[in-house]
file entry_38.txt (compact mmCIF, C-alpha atoms)
# COMPACT_ATOMS: atom_id res chain seq x y z
CA THR N 1352 -71.20 -130.34 47.51
CA ASP N 1353 -70.52 -126.81 48.70
CA PRO N 1354 -70.66 -126.70 52.52
CA SER N 1355 -70.42 -122.89 52.55
CA THR N 1356 -73.82 -122.52 50.87
CA ASP N 1357 -75.23 -125.94 51.81
CA LEU N 1358 -75.86 -126.71 48.11
CA ALA N 1359 -75.18 -129.98 46.33
CA VAL N 1360 -75.53 -131.41 42.83
CA LEU N 1361 -76.86 -134.94 42.36
CA LYS N 1362 -76.83 -136.82 39.07
CA VAL N 1363 -79.87 -139.05 38.58
CA THR N 1364 -80.65 -140.78 35.30
CA ARG N 1365 -83.65 -142.56 33.85
CA LYS N 1366 -85.06 -143.22 30.37
CA GLN N 1367 -87.83 -140.60 30.50
CA PRO N 1368 -86.98 -136.94 31.17
CA PHE N 1369 -87.73 -135.67 34.66
CA PRO N 1370 -90.23 -132.83 35.12
CA TYR N 1371 -88.50 -129.72 36.44
CA LEU N 1372 -88.98 -126.06 37.29
CA GLN N 1373 -87.09 -123.28 35.50
CA LEU N 1374 -84.56 -121.25 37.48
CA GLY N 1375 -85.61 -117.61 37.39
CA ASP N 1376 -83.51 -114.44 37.63
CA SER N 1377 -83.09 -113.40 41.27
CA GLU N 1378 -81.67 -110.04 40.12
CA LYS N 1379 -85.25 -109.13 39.16
CA VAL N 1380 -86.64 -109.89 42.63
CA THR N 1381 -87.93 -106.82 44.49
CA PRO N 1382 -89.10 -106.23 48.06
CA GLY N 1383 -92.88 -106.52 48.28
CA GLN N 1384 -93.03 -109.15 45.52
CA TRP N 1385 -95.30 -112.14 46.24
CA VAL N 1386 -93.52 -115.50 46.60
CA ILE N 1387 -94.38 -119.13 47.25
CA ALA N 1388 -92.23 -121.39 49.46
CA ILE N 1389 -92.43 -125.17 49.10
CA GLY N 1390 -90.96 -127.68 51.54
CA ASN N 1391 -91.48 -130.65 53.84
CA PRO N 1392 -91.76 -129.17 57.34
CA PHE N 1393 -91.93 -131.76 60.11
CA GLY N 1394 -92.29 -134.52 57.48
CA LEU N 1395 -95.45 -133.01 55.95
CA ALA N 1396 -94.63 -133.47 52.27
CA GLU N 1397 -95.09 -130.71 49.71
CA THR N 1398 -96.29 -127.96 52.03
CA VAL N 1399 -96.88 -124.62 50.29
CA THR N 1400 -96.83 -121.21 52.00
CA THR N 1401 -97.05 -117.72 50.54
CA GLY N 1402 -95.76 -114.31 51.50
CA VAL N 1403 -93.70 -111.41 50.22
CA VAL N 1404 -90.03 -110.60 49.81
CA SER N 1405 -89.10 -108.50 52.84
CA ALA N 1406 -85.51 -107.58 51.88
CA LEU N 1407 -82.59 -108.51 49.63
CA GLY N 1408 -78.90 -109.11 50.31
CA ARG N 1409 -79.39 -110.10 53.94
CA ASP N 1410 -76.32 -111.15 55.94
CA ILE N 1411 -77.47 -113.34 58.83
CA GLY N 1412 -74.00 -114.23 60.11
CA ASP N 1413 -74.28 -117.75 58.72
CA GLY N 1414 -71.03 -117.62 56.76
CA GLN N 1415 -68.77 -115.58 54.54
CA TYR N 1416 -71.13 -115.69 51.58
CA ASP N 1417 -74.40 -114.45 53.06
CA SER N 1418 -76.60 -112.55 50.64
CA PHE N 1419 -80.03 -114.01 51.23
CA ILE N 1420 -83.50 -113.12 50.05
CA GLN N 1421 -85.54 -112.43 53.21
CA ILE N 1422 -89.17 -113.53 53.02
CA ASP N 1423 -92.14 -113.52 55.36
CA ALA N 1424 -93.66 -116.72 53.93
CA PRO N 1425 -93.63 -119.23 56.79
CA ILE N 1426 -90.63 -121.55 56.60
CA ASN N 1427 -90.27 -124.23 59.27
CA GLU N 1428 -87.83 -127.01 60.07
CA GLY N 1429 -87.69 -129.30 57.05
CA ASN N 1430 -88.22 -126.57 54.45
CA SER N 1431 -84.49 -126.24 53.76
CA GLY N 1432 -83.73 -127.12 50.16
CA GLY N 1433 -87.25 -126.40 48.97
CA PRO N 1434 -87.81 -123.90 46.17
CA LEU N 1435 -88.88 -120.29 46.52
CA LEU N 1436 -91.06 -119.45 43.52
CA ASN N 1437 -92.18 -116.21 41.92
CA GLN N 1438 -95.74 -115.90 40.59
CA ARG N 1439 -94.64 -117.28 37.20
CA GLY N 1440 -93.59 -120.54 38.87
CA GLU N 1441 -89.87 -119.87 38.38
CA VAL N 1442 -87.42 -120.84 41.13
CA ILE N 1443 -85.92 -117.58 42.42
CA GLY N 1444 -84.34 -119.07 45.54
CA VAL N 1445 -83.65 -122.14 47.65
CA ASN N 1446 -85.09 -121.97 51.18
CA THR N 1447 -82.27 -122.31 53.67
CA ALA N 1448 -82.78 -120.73 57.09
CA ILE N 1449 -85.14 -119.06 59.54
CA LEU N 1450 -84.64 -116.54 62.30
CA THR N 1451 -86.53 -117.75 65.33
CA PRO N 1452 -86.37 -117.35 69.09
CA SER N 1453 -88.83 -120.24 69.59
CA GLY N 1454 -87.80 -122.85 66.98
CA GLY N 1455 -90.92 -122.23 64.85
CA SER N 1456 -91.59 -119.77 62.08
CA VAL N 1457 -92.05 -116.16 63.11
CA GLY N 1458 -92.22 -114.92 59.52
CA ILE N 1459 -88.51 -114.28 58.97
CA GLY N 1460 -87.10 -116.77 56.49
CA PHE N 1461 -84.17 -116.74 54.10
CA SER N 1462 -83.50 -118.18 50.65
CA ILE N 1463 -80.33 -118.50 48.60
CA PRO N 1464 -80.86 -116.39 45.44
CA SER N 1465 -81.23 -118.40 42.22
CA ASP N 1466 -78.37 -116.51 40.55
CA MET N 1467 -76.04 -117.77 43.30
CA VAL N 1468 -77.50 -121.27 42.92
CA LYS N 1469 -76.74 -121.14 39.15
CA ARG N 1470 -73.13 -120.07 39.75
CA ILE N 1471 -72.49 -122.65 42.47
CA THR N 1472 -74.12 -125.59 40.69
CA SER N 1473 -72.46 -124.75 37.35
CA GLU N 1474 -69.03 -124.73 38.98
CA LEU N 1475 -69.78 -127.95 40.89
CA ILE N 1476 -70.81 -129.67 37.66
CA GLU N 1477 -67.79 -128.29 35.77
CA SER N 1478 -65.01 -128.87 38.31
CA GLY N 1479 -66.49 -130.75 41.28
CA HIS N 1480 -65.62 -127.97 43.75
CA ILE N 1481 -65.97 -124.23 44.35
CA THR N 1482 -63.05 -121.80 44.13
CA ARG N 1483 -63.62 -118.45 45.81
CA GLY N 1484 -61.59 -115.29 45.72
CA PHE N 1485 -60.79 -113.48 48.94
CA ILE N 1486 -60.22 -109.74 49.16
CA GLY N 1487 -60.70 -109.34 52.91
CA VAL N 1488 -63.67 -106.99 53.14
CA GLN N 1489 -67.23 -107.02 54.37
CA VAL N 1490 -69.42 -104.98 52.06
CA GLN N 1491 -72.96 -103.74 52.32
CA SER N 1492 -75.44 -102.42 49.82
CA ILE N 1493 -75.87 -98.67 49.61
CA SER N 1494 -79.43 -97.57 50.28
CA PRO N 1495 -80.78 -94.61 48.28
CA GLU N 1496 -80.63 -92.52 51.47
CA MET N 1497 -76.98 -93.45 52.09
CA ALA N 1498 -76.19 -92.74 48.44
CA GLN N 1499 -77.66 -89.26 48.69
CA ALA N 1500 -75.69 -88.49 51.86
CA MET N 1501 -72.45 -89.81 50.32
CA GLY N 1502 -72.92 -88.25 46.87
CA VAL N 1503 -73.15 -91.63 45.10
CA PRO N 1504 -75.12 -91.78 41.81
CA VAL N 1505 -78.43 -93.68 41.89
CA HIS N 1506 -79.86 -95.35 38.76
CA ASP N 1507 -83.31 -96.98 38.68
CA GLY N 1508 -83.53 -96.74 42.48
CA LYS N 1509 -80.19 -98.53 43.05
CA ALA N 1510 -76.92 -96.93 44.06
CA ASP N 1511 -73.78 -97.62 42.07
CA GLY N 1512 -71.30 -99.69 44.05
CA ALA N 1513 -70.89 -101.41 47.39
CA LEU N 1514 -69.81 -99.81 50.64
CA ILE N 1515 -66.87 -101.36 52.49
CA ALA N 1516 -68.16 -101.86 56.03
CA GLN N 1517 -65.01 -103.50 57.36
CA THR N 1518 -61.59 -104.65 56.18
CA ILE N 1519 -59.78 -107.66 57.57
CA PRO N 1520 -56.43 -106.56 59.04
CA GLU N 1521 -53.53 -107.64 56.86
CA GLY N 1522 -55.98 -108.92 54.22
CA PRO N 1523 -55.49 -108.14 50.51
CA ALA N 1524 -57.84 -105.12 50.55
CA ALA N 1525 -56.22 -103.57 53.64
CA LYS N 1526 -52.77 -104.08 52.11
CA ALA N 1527 -54.02 -102.32 48.97
CA GLY N 1528 -55.14 -99.31 51.03
CA ARG N 1529 -58.89 -99.98 51.13
CA LYS N 1530 -60.64 -98.90 54.31
CA PRO N 1531 -64.14 -98.76 55.78
CA ARG N 1532 -66.45 -96.22 54.06
CA ASP N 1533 -64.68 -96.70 50.70
CA ILE N 1534 -67.13 -97.41 47.88
CA ILE N 1535 -66.29 -100.09 45.30
CA THR N 1536 -67.77 -99.22 41.91
CA LYS N 1537 -65.54 -101.34 39.64
CA VAL N 1538 -63.30 -104.37 39.96
CA ASP N 1539 -60.54 -104.71 37.38
CA GLY N 1540 -62.20 -101.99 35.28
CA LYS N 1541 -65.61 -103.71 35.20
call {"tool": "encode", "arguments": {"input": "entry_38.txt", "output": "structure tokens"}}
result
Amino acid sequence: TDPSTDLAVLKVTRKQPFPYLQLGDSEKVTPGQWVIAIGNPFGLAETVTTGVVSALGRDIGDGQYDSFIQIDAPINEGNSGGPLLNQRGEVIGVNTAILTPSGGSVGIGFSIPSDMVKRITSELIESGHITRGFIGVQVQSISPEMAQAMGVPVHDGKADGALIAQTIPEGPAAKAGRKPRDIITKVDGK
């Protein structure tokens, strides 16, 4: 299990192969794209809702590793762990949270991107636990408007790099001289 992302790997065996869905590439997900959320809200098995991707890389203050796909497809209690599908039927996320003042869906739901799911589950299968690096920064994506104002190159509608929003005092990044408003474009030359 990985408590930080609320993901787990279970090994189940039987003689016949299990049917399964392919994991898609969440890097190809774009705002406005139609999606399908499947879950079991309030014990109602295999409920399907549809909507669009509202935003990418959302930090909802749920933990250190927030980078959710925000969707407007209704997600209710009991949908956590259900797949988020693209129109090809590929799993592009795992439904995990909602933002709600009332306890019910108000059209703001979040899914763990499939690329993160692949990394986490692969490491769990390989070593049984997750090892994470810590550099002591909070970063945010650079919007095209921010990139223009800061003189950052934009390729295919995406800015190069990540903006340091905050450094943790005495953390590795602060000790190395990184500060808010710095832009990270490479790590170890890559």
call {"tool": "atom_distance", "arguments": {"input": "entry_38.txt", "atom1": "CA of Gly1512 in chain N", "atom2": "CA of Ile1486 in chain N"}}
result
15.8 Å
call {"tool": "atom_distance", "arguments": {"input": "entry_38.txt", "atom1": "CA of Lys1362 in chain N", "atom2": "CA of Gly1479 in chain N"}}
result
12.2 Å
call {"tool": "residues_near_point", "arguments": {"input": "entry_38.txt", "point": "(-79.1, -121.3, 52.5)", "cutoff": "8 Å", "atoms": "only C-alpha atoms", "output": "JSON, numbers by chain"}}
result
{"N": [1356, 1357, 1358, 1419, 1431, 1432, 1445, 1446, 1447, 1448, 1461, 1462, 1463]}
call {"tool": "write_last_selection", "arguments": {"input": "entry_38.txt", "atoms": "C-alpha atoms", "output": "PDB file, in the frame of the given file"}}
result
ATOM      1  CA  THR N1356     -73.820-122.520  50.870  1.00  0.00           C
ATOM      2  CA  ASP N1357     -75.230-125.940  51.810  1.00  0.00           C
ATOM      3  CA  LEU N1358     -75.860-126.710  48.110  1.00  0.00           C
ATOM      4  CA  PHE N1419     -80.030-114.010  51.230  1.00  0.00           C
ATOM      5  CA  SER N1431     -84.490-126.240  53.760  1.00  0.00           C
ATOM      6  CA  GLY N1432     -83.730-127.120  50.160  1.00  0.00           C
ATOM      7  CA  VAL N1445     -83.650-122.140  47.650  1.00  0.00           C
ATOM      8  CA  ASN N1446     -85.090-121.970  51.180  1.00  0.00           C
ATOM      9  CA  THR N1447     -82.270-122.310  53.670  1.00  0.00           C
ATOM     10  CA  ALA N1448     -82.780-120.730  57.090  1.00  0.00           C
ATOM     11  CA  PHE N1461     -84.170-116.740  54.100  1.00  0.00           C
ATOM     12  CA  SER N1462     -83.500-118.180  50.650  1.00  0.00           C
ATOM     13  CA  ILE N1463     -80.330-118.500  48.600  1.00  0.00           C
TER      14      ILE N1463
END
call {"tool": "residues_around", "arguments": {"input": "entry_38.txt", "residues": "Met1497 in chain N", "least_positions_apart": "5", "cutoff": "12 Å", "atoms": "only C-alpha atoms", "output": "ChimeraX atom specification"}}
result
/N:1491-1492,1502-1505,1509-1514,1532,1534
call {"tool": "atom_distance", "arguments": {"input": "entry_38.txt", "atom1": "CA of Ala1388 in chain N", "atom2": "CA of Ile1476 in chain N"}}
result
25.8 Å
call {"tool": "closest_residue", "arguments": {"input": "entry_38.txt", "among": "N:Ile1515, N:Arg1470, N:Leu1361, N:Thr1400", "to": "Gly1528 in chain N", "atoms": "only C-alpha atoms"}}
result
N:Ile1515
call {"tool": "closest_residue", "arguments": {"input": "entry_38.txt", "among": "N:Arg1529, N:Arg1439, N:His1506, N:Lys1379", "to": "Asp1466 in chain N", "atoms": "only C-alpha atoms"}}
result
N:Lys1379
